[in-house]
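> Dropping in final_4.pdb, which is PDB, C-alpha atoms and all ligand atoms:
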ATOM      1  CA  MET A  19       5.994  42.637 199.336
ATOM      2  CA  SER A  20       6.802  45.353 201.799
ATOM      3  CA  GLN A  21       9.168  46.268 204.527
ATOM      4  CA  TRP A  22       6.704  47.356 207.156
ATOM      5  CA  ARG A  23       7.866  47.529 210.689
ATOM      6  CA  PRO A  24       5.471  46.343 213.394
ATOM      7  CA  ILE A  25       4.277  49.210 215.560
ATOM      8  CA  LYS A  26       6.079  48.850 218.862
ATOM      9  CA  PRO A  27       5.719  50.869 222.038
ATOM     10  CA  SER A  28       8.967  52.678 222.790
ATOM     11  CA  THR A  29      11.180  51.109 225.440
ATOM     12  CA  ARG A  30      12.900  54.422 226.254
ATOM     13  CA  LYS A  31      12.765  55.226 229.957
ATOM     14  CA  ASP A  32      11.936  58.861 230.425
ATOM     15  CA  GLU A  33      10.214  59.792 233.639
ATOM     16  CA  ASP A  34       9.460  63.329 232.460
ATOM     17  CA  ARG A  35       7.588  62.132 229.441
ATOM     18  CA  PRO A  36       3.827  61.735 229.851
ATOM     19  CA  ALA A  37       2.809  58.062 229.964
ATOM     20  CA  ARG A  38       1.772  56.803 226.535
ATOM     21  CA  ARG A  39      -0.631  53.985 225.880
ATOM     22  CA  PRO A  40       1.136  51.103 224.080
ATOM     23  CA  THR A  41       0.109  50.950 220.434
ATOM     24  CA  ARG A  42      -1.918  47.797 219.872
ATOM     25  CA  ARG A  43      -2.454  46.182 216.518
ATOM     26  CA  PRO A  44      -6.112  46.101 215.553
ATOM     27  CA  PRO A  45      -7.618  42.581 215.684
ATOM     28  CA  LEU A  46      -8.044  41.088 212.241
ATOM     29  CA  SER A  47     -11.450  40.554 210.721
ATOM     30  CA  VAL A  48     -12.352  39.610 207.158
ATOM     31  CA  PHE A  49     -12.172  42.718 204.965
ATOM     32  CA  PRO A  50     -15.324  43.488 202.950
ATOM     33  CA  THR A  51     -13.833  45.578 200.107
ATOM     34  CA  THR A  52     -11.185  45.200 197.402
ATOM     35  CA  LEU A  53      -8.936  47.803 199.053
ATOM     36  CA  TRP A  54      -6.858  46.175 201.785
ATOM     37  CA  GLU A  55      -4.871  48.049 204.370
ATOM     38  CA  TYR A  56      -3.521  47.148 207.815
ATOM     39  CA  PRO A  57      -1.044  49.104 209.935
ATOM     40  CA  SER A  58       1.479  46.314 210.440
ATOM     41  CA  GLN A  59       3.359  43.574 208.582
ATOM     42  CA  HIS A  60       2.247  40.970 211.147
ATOM     43  CA  TYR A  61      -0.800  40.352 213.333
ATOM     44  CA  ASP A  62      -1.301  39.025 216.847
ATOM     45  CA  ALA A  63      -1.948  35.290 216.439
ATOM     46  CA  SER A  64      -4.294  33.139 218.491
ATOM     47  CA  ASP A  65      -1.375  31.480 220.352
ATOM     48  CA  GLY A  66      -0.052  34.874 221.492
ATOM     49  CA  SER A  67       2.786  35.046 218.936
ATOM     50  CA  THR A  68       3.222  38.442 217.328
ATOM     51  CA  MET A  69       5.042  37.606 214.141
ATOM     52  CA  GLN A  70       4.622  35.313 211.141
ATOM     53  CA  GLY A  71       7.594  34.603 208.878
ATOM     54  CA  SER A  72      10.609  36.749 209.725
ATOM     55  CA  LYS A  73      10.913  40.489 210.148
ATOM     56  CA  HIS A  74      14.544  40.182 208.998
ATOM     57  CA  TYR A  75      13.610  38.663 205.637
ATOM     58  CA  THR A  76      13.702  41.295 202.905
ATOM     59  CA  GLY A  77      10.654  40.825 200.737
ATOM     60  CA  ALA A  78       8.477  38.922 203.201
ATOM     61  CA  THR A  79       4.728  38.997 202.530
ATOM     62  CA  PRO A  80       2.549  40.839 205.065
ATOM     63  CA  SER A  81       1.040  37.900 206.940
ATOM     64  CA  TRP A  82      -2.413  39.427 207.323
ATOM     65  CA  ILE A  83      -2.888  39.217 203.518
ATOM     66  CA  ILE A  84      -2.457  35.442 203.662
ATOM     67  CA  TRP A  85      -4.789  35.361 206.702
ATOM     68  CA  GLN A  86      -7.480  37.213 204.709
ATOM     69  CA  LEU A  87      -7.184  34.792 201.787
ATOM     70  CA  LEU A  88      -7.221  31.642 203.894
ATOM     71  CA  GLN A  89     -10.251  32.831 205.858
ATOM     72  CA  ARG A  90     -12.249  33.280 202.670
ATOM     73  CA  TYR A  91     -11.019  30.457 200.428
ATOM     74  CA  THR A  92     -10.059  27.569 202.730
ATOM     75  CA  ARG A  93     -11.439  25.558 205.628
ATOM     76  CA  GLU A  94      -9.745  24.011 208.646
ATOM     77  CA  GLY A  95      -7.583  21.046 207.625
ATOM     78  CA  ASP A  96      -7.180  22.221 204.004
ATOM     79  CA  LYS A  97      -3.779  21.778 202.372
ATOM     80  CA  VAL A  98      -2.178  25.073 201.351
ATOM     81  CA  VAL A  99       0.982  25.284 199.232
ATOM     82  CA  ASP A 100       3.415  28.166 198.888
ATOM     83  CA  PRO A 101       6.006  27.254 196.224
ATOM     84  CA  MET A 102       8.130  30.369 196.944
ATOM     85  CA  CYS A 103       7.833  30.301 200.698
ATOM     86  CA  GLY A 104      10.699  32.676 201.645
ATOM     87  CA  SER A 105      10.695  33.189 205.406
ATOM     88  CA  GLY A 106       7.713  30.848 205.907
ATOM     89  CA  THR A 107       4.961  33.417 206.466
ATOM     90  CA  THR A 108       2.356  31.180 204.789
ATOM     91  CA  LEU A 109       3.293  28.234 207.006
ATOM     92  CA  ASP A 110       2.932  30.297 210.183
ATOM     93  CA  VAL A 111      -0.482  31.641 209.163
ATOM     94  CA  CYS A 112      -1.585  28.075 208.309
ATOM     95  CA  LYS A 113      -0.504  26.884 211.743
ATOM     96  CA  ASP A 114      -2.358  29.751 213.410
ATOM     97  CA  ILE A 115      -5.682  28.929 211.771
ATOM     98  CA  ASN A 116      -5.355  25.134 211.476
ATOM     99  CA  ARG A 117      -4.578  24.718 207.804
ATOM    100  CA  VAL A 118      -1.904  22.284 206.620
ATOM    101  CA  GLY A 119       0.871  24.417 205.134
ATOM    102  CA  VAL A 120       3.309  22.974 202.598
ATOM    103  CA  GLY A 121       6.247  25.237 201.783
ATOM    104  CA  PHE A 122       8.932  25.110 199.094
ATOM    105  CA  ASP A 123      11.699  27.488 198.115
ATOM    106  CA  LEU A 124      14.912  27.305 196.102
ATOM    107  CA  VAL A 125      16.763  28.401 199.227
ATOM    108  CA  PRO A 126      14.862  27.161 202.288
ATOM    109  CA  SER A 127      15.225  29.504 205.240
ATOM    110  CA  ARG A 128      14.000  26.979 207.843
ATOM    111  CA  ASP A 129      13.506  23.247 208.387
ATOM    112  CA  ASP A 130       9.809  23.088 207.526
ATOM    113  CA  ILE A 131      10.473  24.484 204.019
ATOM    114  CA  THR A 132      11.581  21.947 201.396
ATOM    115  CA  LYS A 133      14.056  22.816 198.662
ATOM    116  CA  ALA A 134      12.376  22.817 195.250
ATOM    117  CA  ASP A 135      12.083  24.891 192.117
ATOM    118  CA  ALA A 136       8.610  26.397 191.783
ATOM    119  CA  ARG A 137       8.649  25.337 188.126
ATOM    120  CA  LYS A 138       8.679  21.707 189.291
ATOM    121  CA  ILE A 139       6.665  21.440 192.502
ATOM    122  CA  PRO A 140       7.193  17.963 194.036
ATOM    123  CA  LEU A 141       3.493  17.305 194.614
ATOM    124  CA  ALA A 142       0.947  15.064 192.917
ATOM    125  CA  ASP A 143      -1.566  16.471 190.422
ATOM    126  CA  ALA A 144      -4.753  17.884 191.979
ATOM    127  CA  SER A 145      -3.561  17.402 195.577
ATOM    128  CA  ILE A 146      -3.782  20.934 197.020
ATOM    129  CA  ASP A 147      -6.756  23.011 198.254
ATOM    130  CA  PHE A 148      -5.207  26.482 197.953
ATOM    131  CA  ALA A 149      -1.993  28.001 196.611
ATOM    132  CA  PHE A 150      -0.450  31.304 197.567
ATOM    133  CA  VAL A 151       2.564  32.763 195.792
ATOM    134  CA  ASP A 152       4.496  35.999 196.187
ATOM    135  CA  PRO A 153       7.158  35.751 193.457
ATOM    136  CA  PRO A 154      10.162  37.989 192.774
ATOM    137  CA  TYR A 155       9.040  41.143 190.970
ATOM    138  CA  SER A 156      11.855  41.040 188.397
ATOM    139  CA  THR A 157      15.307  41.817 189.868
ATOM    140  CA  HIS A 158      14.302  44.241 192.614
ATOM    141  CA  ILE A 159      15.622  42.048 195.494
ATOM    142  CA  ASP A 160      18.697  39.816 195.546
ATOM    143  CA  TYR A 161      17.269  36.720 197.262
ATOM    144  CA  SER A 162      20.175  34.302 196.858
ATOM    145  CA  ASP A 163      23.117  33.220 194.718
ATOM    146  CA  ASP A 164      21.131  30.339 193.270
ATOM    147  CA  PRO A 165      21.299  30.716 189.457
ATOM    148  CA  ASN A 166      17.740  29.333 189.204
ATOM    149  CA  CYS A 167      16.325  32.203 191.260
ATOM    150  CA  ILE A 168      13.636  33.908 189.189
ATOM    151  CA  GLY A 169      14.664  37.152 190.888
ATOM    152  CA  LYS A 170      17.755  37.127 188.656
ATOM    153  CA  LEU A 171      15.609  37.468 185.527
ATOM    154  CA  ASP A 172      14.980  41.021 184.388
ATOM    155  CA  ALA A 173      11.416  41.811 183.316
ATOM    156  CA  ALA A 174      12.862  44.712 181.313
ATOM    157  CA  GLY A 175      15.988  42.914 180.099
ATOM    158  CA  ASP A 176      17.451  42.872 176.599
ATOM    159  CA  ASP A 177      15.227  39.863 175.838
ATOM    160  CA  GLY A 178      12.168  42.033 176.528
ATOM    161  CA  GLY A 179      11.664  40.167 179.809
ATOM    162  CA  LYS A 180      11.083  36.856 177.998
ATOM    163  CA  ALA A 181      13.127  34.749 180.439
ATOM    164  CA  TYR A 182      11.320  36.230 183.469
ATOM    165  CA  TYR A 183       7.854  35.831 181.977
ATOM    166  CA  ASP A 184       8.600  32.321 180.647
ATOM    167  CA  ALA A 185       9.731  31.274 184.129
ATOM    168  CA  MET A 186       6.593  32.713 185.735
ATOM    169  CA  ARG A 187       4.435  31.026 183.086
ATOM    170  CA  ARG A 188       5.881  27.697 184.223
ATOM    171  CA  VAL A 189       5.283  28.494 187.918
ATOM    172  CA  ILE A 190       1.636  29.313 187.155
ATOM    173  CA  ALA A 191       1.227  26.098 185.118
ATOM    174  CA  GLU A 192       2.649  24.101 188.058
ATOM    175  CA  ILE A 193       0.215  25.700 190.476
ATOM    176  CA  ASP A 194      -2.606  24.763 188.120
ATOM    177  CA  ARG A 195      -1.323  21.166 187.999
ATOM    178  CA  VAL A 196      -1.205  20.652 191.790
ATOM    179  CA  LEU A 197      -4.464  22.472 192.579
ATOM    180  CA  ILE A 198      -7.701  20.514 192.965
ATOM    181  CA  PRO A 199     -10.387  21.652 190.461
ATOM    182  CA  ARG A 200     -12.777  24.323 191.781
ATOM    183  CA  ARG A 201     -10.208  25.451 194.368
ATOM    184  CA  TYR A 202      -8.514  28.837 194.596
ATOM    185  CA  MET A 203      -5.089  30.398 194.288
ATOM    186  CA  ALA A 204      -3.748  33.902 194.882
ATOM    187  CA  LEU A 205      -0.737  35.710 193.489
ATOM    188  CA  TYR A 206       0.603  38.797 195.259
ATOM    189  CA  VAL A 207       2.716  41.055 193.066
ATOM    190  CA  SER A 208       3.732  44.589 192.236
ATOM    191  CA  ASP A 209       4.590  46.318 188.993
ATOM    192  CA  SER A 210       8.080  47.728 188.820
ATOM    193  CA  TRP A 211       9.748  50.894 187.619
ATOM    194  CA  ARG A 212      13.478  51.347 187.192
ATOM    195  CA  LYS A 213      15.284  54.617 186.836
ATOM    196  CA  ASN A 214      17.569  55.000 183.808
ATOM    197  CA  LYS A 215      21.233  55.003 184.690
ATOM    198  CA  GLY A 216      24.194  56.737 183.078
ATOM    199  CA  LYS A 217      24.885  60.043 181.391
ATOM    200  CA  GLY A 218      23.561  61.505 178.144
ATOM    201  CA  LYS A 219      25.670  63.054 175.337
ATOM    202  CA  SER A 220      25.759  66.377 177.156
ATOM    203  CA  GLY A 221      27.169  64.655 180.259
ATOM    204  CA  SER A 222      24.010  65.247 182.286
ATOM    205  CA  ALA A 223      22.215  62.333 183.979
ATOM    206  CA  VAL A 224      19.745  60.483 181.720
ATOM    207  CA  ARG A 225      16.221  61.190 182.906
ATOM    208  CA  GLY A 226      13.239  58.842 182.943
ATOM    209  CA  GLY A 227      12.938  55.150 183.511
ATOM    210  CA  THR A 228      11.354  51.872 182.452
ATOM    211  CA  PHE A 229       7.935  50.738 183.651
ATOM    212  CA  MET A 230       7.338  46.985 183.932
ATOM    213  CA  PRO A 231       3.603  46.114 184.087
ATOM    214  CA  ILE A 232       4.331  42.789 185.806
ATOM    215  CA  GLY A 233       0.929  42.573 187.468
ATOM    216  CA  PHE A 234      -1.104  42.689 184.263
ATOM    217  CA  GLU A 235       1.319  40.401 182.427
ATOM    218  CA  LEU A 236       1.024  37.721 185.124
ATOM    219  CA  PHE A 237      -2.744  38.202 185.345
ATOM    220  CA  ALA A 238      -3.018  37.532 181.583
ATOM    221  CA  MET A 239      -0.991  34.326 182.052
ATOM    222  CA  MET A 240      -3.169  33.159 184.918
ATOM    223  CA  ARG A 241      -6.273  33.688 182.786
ATOM    224  CA  GLN A 242      -4.995  30.913 180.506
ATOM    225  CA  HIS A 243      -5.481  28.499 183.437
ATOM    226  CA  PHE A 244      -7.963  30.005 185.891
ATOM    227  CA  GLU A 245     -11.184  32.001 186.198
ATOM    228  CA  PRO A 246     -10.629  35.424 187.746
ATOM    229  CA  VAL A 247     -12.390  35.789 191.091
ATOM    230  CA  ASP A 248     -11.294  39.305 191.996
ATOM    231  CA  ILE A 249      -8.422  41.767 192.093
ATOM    232  CA  ILE A 250      -7.433  43.248 195.439
ATOM    233  CA  CYS A 251      -5.452  46.448 195.765
ATOM    234  CA  VAL A 252      -3.144  46.228 198.800
ATOM    235  CA  ALA A 253      -1.874  49.571 200.077
ATOM    236  CA  ARG A 254       1.897  49.532 200.593
ATOM    237  CA  LYS A 255       3.438  51.369 203.484
ATOM    238  CA  ASN A 256       7.113  50.685 203.103
ATOM    239  CA  ASP A 257      10.024  52.833 204.161
ATOM    240  CA  LYS A 258      10.710  54.254 200.717
ATOM    241  CA  ILE A 259       7.194  55.622 200.283
ATOM    242  CA  GLY A 260       7.479  57.507 203.545
ATOM    243  CA  ARG A 261      10.913  59.005 202.967
ATOM    244  CA  GLY A 262      10.954  62.699 202.106
ATOM    245  CA  ASN A 263      13.814  62.461 199.621
ATOM    246  CA  TRP A 264      12.063  59.738 197.599
ATOM    247  CA  ARG A 265       8.760  61.597 197.630
ATOM    248  CA  LYS A 266      10.494  64.773 196.453
ATOM    249  CA  ALA A 267      12.370  62.929 193.675
ATOM    250  CA  ALA A 268       9.148  61.251 192.490
ATOM    251  CA  ILE A 269       7.551  64.648 191.908
ATOM    252  CA  GLU A 270      10.586  66.491 190.585
ATOM    253  CA  GLU A 271      11.595  63.680 188.216
ATOM    254  CA  ASN A 272       8.007  62.776 187.327
ATOM    255  CA  PHE A 273       7.877  59.118 188.341
ATOM    256  CA  PHE A 274       5.653  57.272 190.810
ATOM    257  CA  LEU A 275       6.570  55.417 193.984
ATOM    258  CA  ARG A 276       4.707  52.135 194.018
ATOM    259  CA  GLY A 277       1.742  52.694 196.318
ATOM    260  CA  PHE A 278       0.001  49.334 195.988
ATOM    261  CA  ASN A 279       0.435  45.648 195.227
ATOM    262  CA  TYR A 280      -2.056  43.474 193.414
ATOM    263  CA  CYS A 281      -3.467  40.394 195.015
ATOM    264  CA  PHE A 282      -5.017  38.404 192.172
ATOM    265  CA  ILE A 283      -7.504  35.763 193.282
ATOM    266  CA  MET A 284      -8.238  32.988 190.784
ATOM    267  CA  LYS A 285     -10.278  29.784 190.690
ATOM    268  CA  LYS A 286      -9.359  26.564 188.902
ATOM    269  CA  PRO A 287     -12.281  25.554 186.660
TER
HETATM  270  C1  LIG B 301       8.941  37.538 197.613
HETATM  271  S1  LIG B 301       9.853  36.210 198.245
HETATM  272  C2  LIG B 301       8.646  35.252 199.079
HETATM  273  C3  LIG B 301       8.332  35.829 200.425
HETATM  274  C4  LIG B 301       7.535  34.910 201.311
HETATM  275  N1  LIG B 301       6.148  34.841 200.910
HETATM  276  C5  LIG B 301       7.647  35.356 202.755
HETATM  277  O1  LIG B 301       6.658  35.844 203.311
HETATM  278  O2  LIG B 301       8.743  35.307 203.309
HETATM  279  C6  LIG B 301      10.188  35.284 196.814
HETATM  280  C7  LIG B 301      10.875  33.960 197.060
HETATM  281  O3  LIG B 301      10.971  33.245 195.832
HETATM  282  C8  LIG B 301      12.082  32.394 195.918
HETATM  283  N2  LIG B 301      12.396  31.901 194.575
HETATM  284  C9  LIG B 301      12.938  32.544 193.540
HETATM  285  N3  LIG B 301      13.041  31.755 192.476
HETATM  286  C10 LIG B 301      12.526  30.545 192.827
HETATM  287  C11 LIG B 301      12.303  29.325 192.160
HETATM  288  N4  LIG B 301      12.683  29.149 190.891
HETATM  289  N5  LIG B 301      11.725  28.306 192.838
HETATM  290  C12 LIG B 301      11.354  28.459 194.150
HETATM  291  N6  LIG B 301      11.542  29.597 194.838
HETATM  292  C13 LIG B 301      12.109  30.637 194.186
HETATM  293  C14 LIG B 301      13.141  33.252 196.568
HETATM  294  O4  LIG B 301      14.164  32.447 197.138
HETATM  295  C15 LIG B 301      12.310  34.025 197.601
HETATM  296  O5  LIG B 301      12.346  33.386 198.844
END
Is it possible to express this structure as structure tokens?
Ligand SMILES: C[S@@+](CC[C@H](N)C(=O)[O-])C[C@H]1O[C@@H](n2cnc3c(N)ncnc32)[C@H](O)[C@@H]1O


Amino acid sequence: MSQWRPIKPSTRKDEDRPARRPTRRPPLSVFPTTLWEYPSQHYDASDGSTMQGSKHYTGATPSWIIWQLLQRYTREGDKVVDPMCGSGTTLDVCKDINRVGVGFDLVPSRDDITKADARKIPLADASIDFAFVDPPYSTHIDYSDDPNCIGKLDAAGDDGGKAYYDAMRRVIAEIDRVLIPRRYMALYVSDSWRKNKGKGKSGSAVRGGTFMPIGFELFAMMRQHFEPVDIICVARKNDKIGRGNWRKAAIEENFFLRGFNYCFIMKKP
């Protein structure tokens, strides 16, 4: 998940300023390595559209990641499910490259997304060619008021994150159920780190924080169902990483800004 902004040429009219070439997004091609990076959240699609999903949706998946996965692991006409479809990025990429996208979300943001809980996907067993999912990474984004939102479950809560991990275990089991054997799925996720809040006995702010290794925990769960195909490291370029005050705090307070997301690629035996 990231909050990249597409690179746009400035619209400011300034006759004194030397003419600048508009910044174009590089055309997409299939990446050869396990380190993925692209300078925009969206790509320029074959029909001339310049956005997939919504740029206003906090937590939308960079669409080019889904494009990379579908190019490698699906063919034209294949059925692709996203059980946590958010702003519909997966559906737009499917449309662009002639896959049949099927989208669900607890809180559908548009008409082509059907309301459903990802722990109970309303699809028949072994009916889907590929599944993509970008789940909530613990409580880092408030997606909706729906009490069933997995983003309300704290991976570092008093229960040791049990409720969050139990919920994700059920989502993964559902993906396994609907996927056709020998087909692929991908899960895009980040670990999380939360700064301690409050004051110590001396009245000074409590230092340190809590690391949540969500990526490895979910990978271990997926291994109960699937064969690992590969692990992709996706470089994040969100606003927070670029901001001077956050970068300074990360060094002074000895924590890390999250520089990458995992994209786990798995195959159903
Ligand atoms: C990271 S966002 C998905 C972003 C999406 N891939 C996009 O590009 O817009 C996670 C989504 O999971 C949804 N969600 C949370 N709990 C859910 C559940 N139990 N069942 C289905 N969707 C759920 C949220 O409503 C949110 O839209």

> So what does the PyMOL selection byres (((chain A and resi 136) around 7) and not hetatm) actually pick up in this one, as a list in words?

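Output of the PyMOL selection byres (((chain A and resi 136) around 7) and not hetatm): Pro101, Met102, Ala134, Asp135, Arg137, Lys138, Ile139 and Val189 of chain A.
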
> Once the PyMOL selection byres (((not hetatm)) within 9 of (chain B and resi 301)) has been evaluated on this model, what residues remain selected, and can you format them as number ranges by chain?

A: 19, 70-73, 75-81, 100-108, 122-127, 133-139, 150-155, 159-162, 164-170, 185-186, 189, 206-207

> Evaluate the PyMOL selection byres (((chain A and resi 282) around 9) and not hetatm) here and jot the selected residues down as a VMD selection string.

chain A and resid 203 to 207 233 237 246 to 251 280 to 281 283 to 284

> Between CA of Arg43 in chain A and CA of Tyr56 in chain A, what distance in Å does the model show, to one decimal?

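If I compute the distance from CA of Arg43 in chain A to CA of Tyr56 in chain A, I get 8.8 Å.
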
> If you count all atoms listed in the file, which residues fall within 9 Å of Glu245 in chain A, apart from same-chain ones fewer than 2 positions away, as a PDB file with C-alpha atoms, in the frame of the given file?


ATOM      1  CA  MET A 240      -3.169  33.159 184.918  1.00  0.00           C
ATOM      2  CA  ARG A 241      -6.273  33.688 182.786  1.00  0.00           C
ATOM      3  CA  GLN A 242      -4.995  30.913 180.506  1.00  0.00           C
ATOM      4  CA  HIS A 243      -5.481  28.499 183.437  1.00  0.00           C
ATOM      5  CA  VAL A 247     -12.390  35.789 191.091  1.00  0.00           C
ATOM      6  CA  ILE A 283      -7.504  35.763 193.282  1.00  0.00           C
ATOM      7  CA  MET A 284      -8.238  32.988 190.784  1.00  0.00           C
ATOM      8  CA  LYS A 285     -10.278  29.784 190.690  1.00  0.00           C
ATOM      9  CA  LYS A 286      -9.359  26.564 188.902  1.00  0.00           C
ATOM     10  CA  PRO A 287     -12.281  25.554 186.660  1.00  0.00           C
TER      11      PRO A 287
END

> Nearest to Lys215 in chain A among A:Phe278, A:Ala149, A:Glu270, A:Thr228, with distances taken over all atoms listed in the file: which residue is it?

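Looking only at the distances to Lys215 in chain A, the closest residue turns out to be A:Thr228.
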
> Which residue, A:Arg93, A:Lys258, A:Arg117, A:Arg188, has the smallest gap to Leu236 in chain A when you use all atoms listed in the file?

A:Arg188

> Report, in Å to a single decimal, how far apart CA of Trp82 in chain A and CA of Ala63 in chain A are.

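Computing the Euclidean distance for CA of Ala63 in chain A and CA of Trp82 in chain A yields 10.0 Å.
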
> Just checking: using only C-alpha atoms, which residue out of A:His74, A:Arg276, A:Arg200, A:Lys113 ends up closest to Trp264 in chain A?

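Under the stated criterion, the closest residue is A:Arg276.
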
> Can you sort out the box for range 250-259 of chain A, edges along x, y and z, all listed atoms in, 8 Å on every side, with centre and edge lengths in Å to one decimal, as AutoDock Vina command-line options?


--center_x 1.6 --center_y 49.4 --center_z 199.8 --size_x 34.1 --size_y 28.4 --size_z 24.7

> Mind giving me the straight-line distance from CA of Met239 in chain A to CA of Lys180 in chain A in Å, one decimal?

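Between these atoms lies a distance of 13.0 Å.
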
> Extract, using only C-alpha atoms, all DNA, RNA and protein residues at most 12 Å from Leu46 in chain A, discarding same-chain residues fewer than 5 positions from it, and format them as a list in words.

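Neighbouring residues, sequence-local ones excluded: Trp54, Glu55, Tyr56, Pro57, Ser58, His60, Tyr61, Asp62, Ala63, Ser64, Ser81, Trp82, Ile83, Ile84, Trp85, Gln86 and Gln89 of chain A.
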
> Have a look at A:Pro45, A:Gly95, A:Val111, A:Leu141 and name the one nearest to Met69 in chain A; count only C-alpha atoms.

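For Met69 in chain A, the nearest of the given residues is A:Val111.
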
> Considering all atoms listed in the file, return as a ChimeraX atom specification whatever protein or nucleic-acid residues lie within 9 Å of Phe273 in chain A, sequence-local ones (same chain, fewer than 6 positions apart) excluded.

/A:211,213,226-227,267
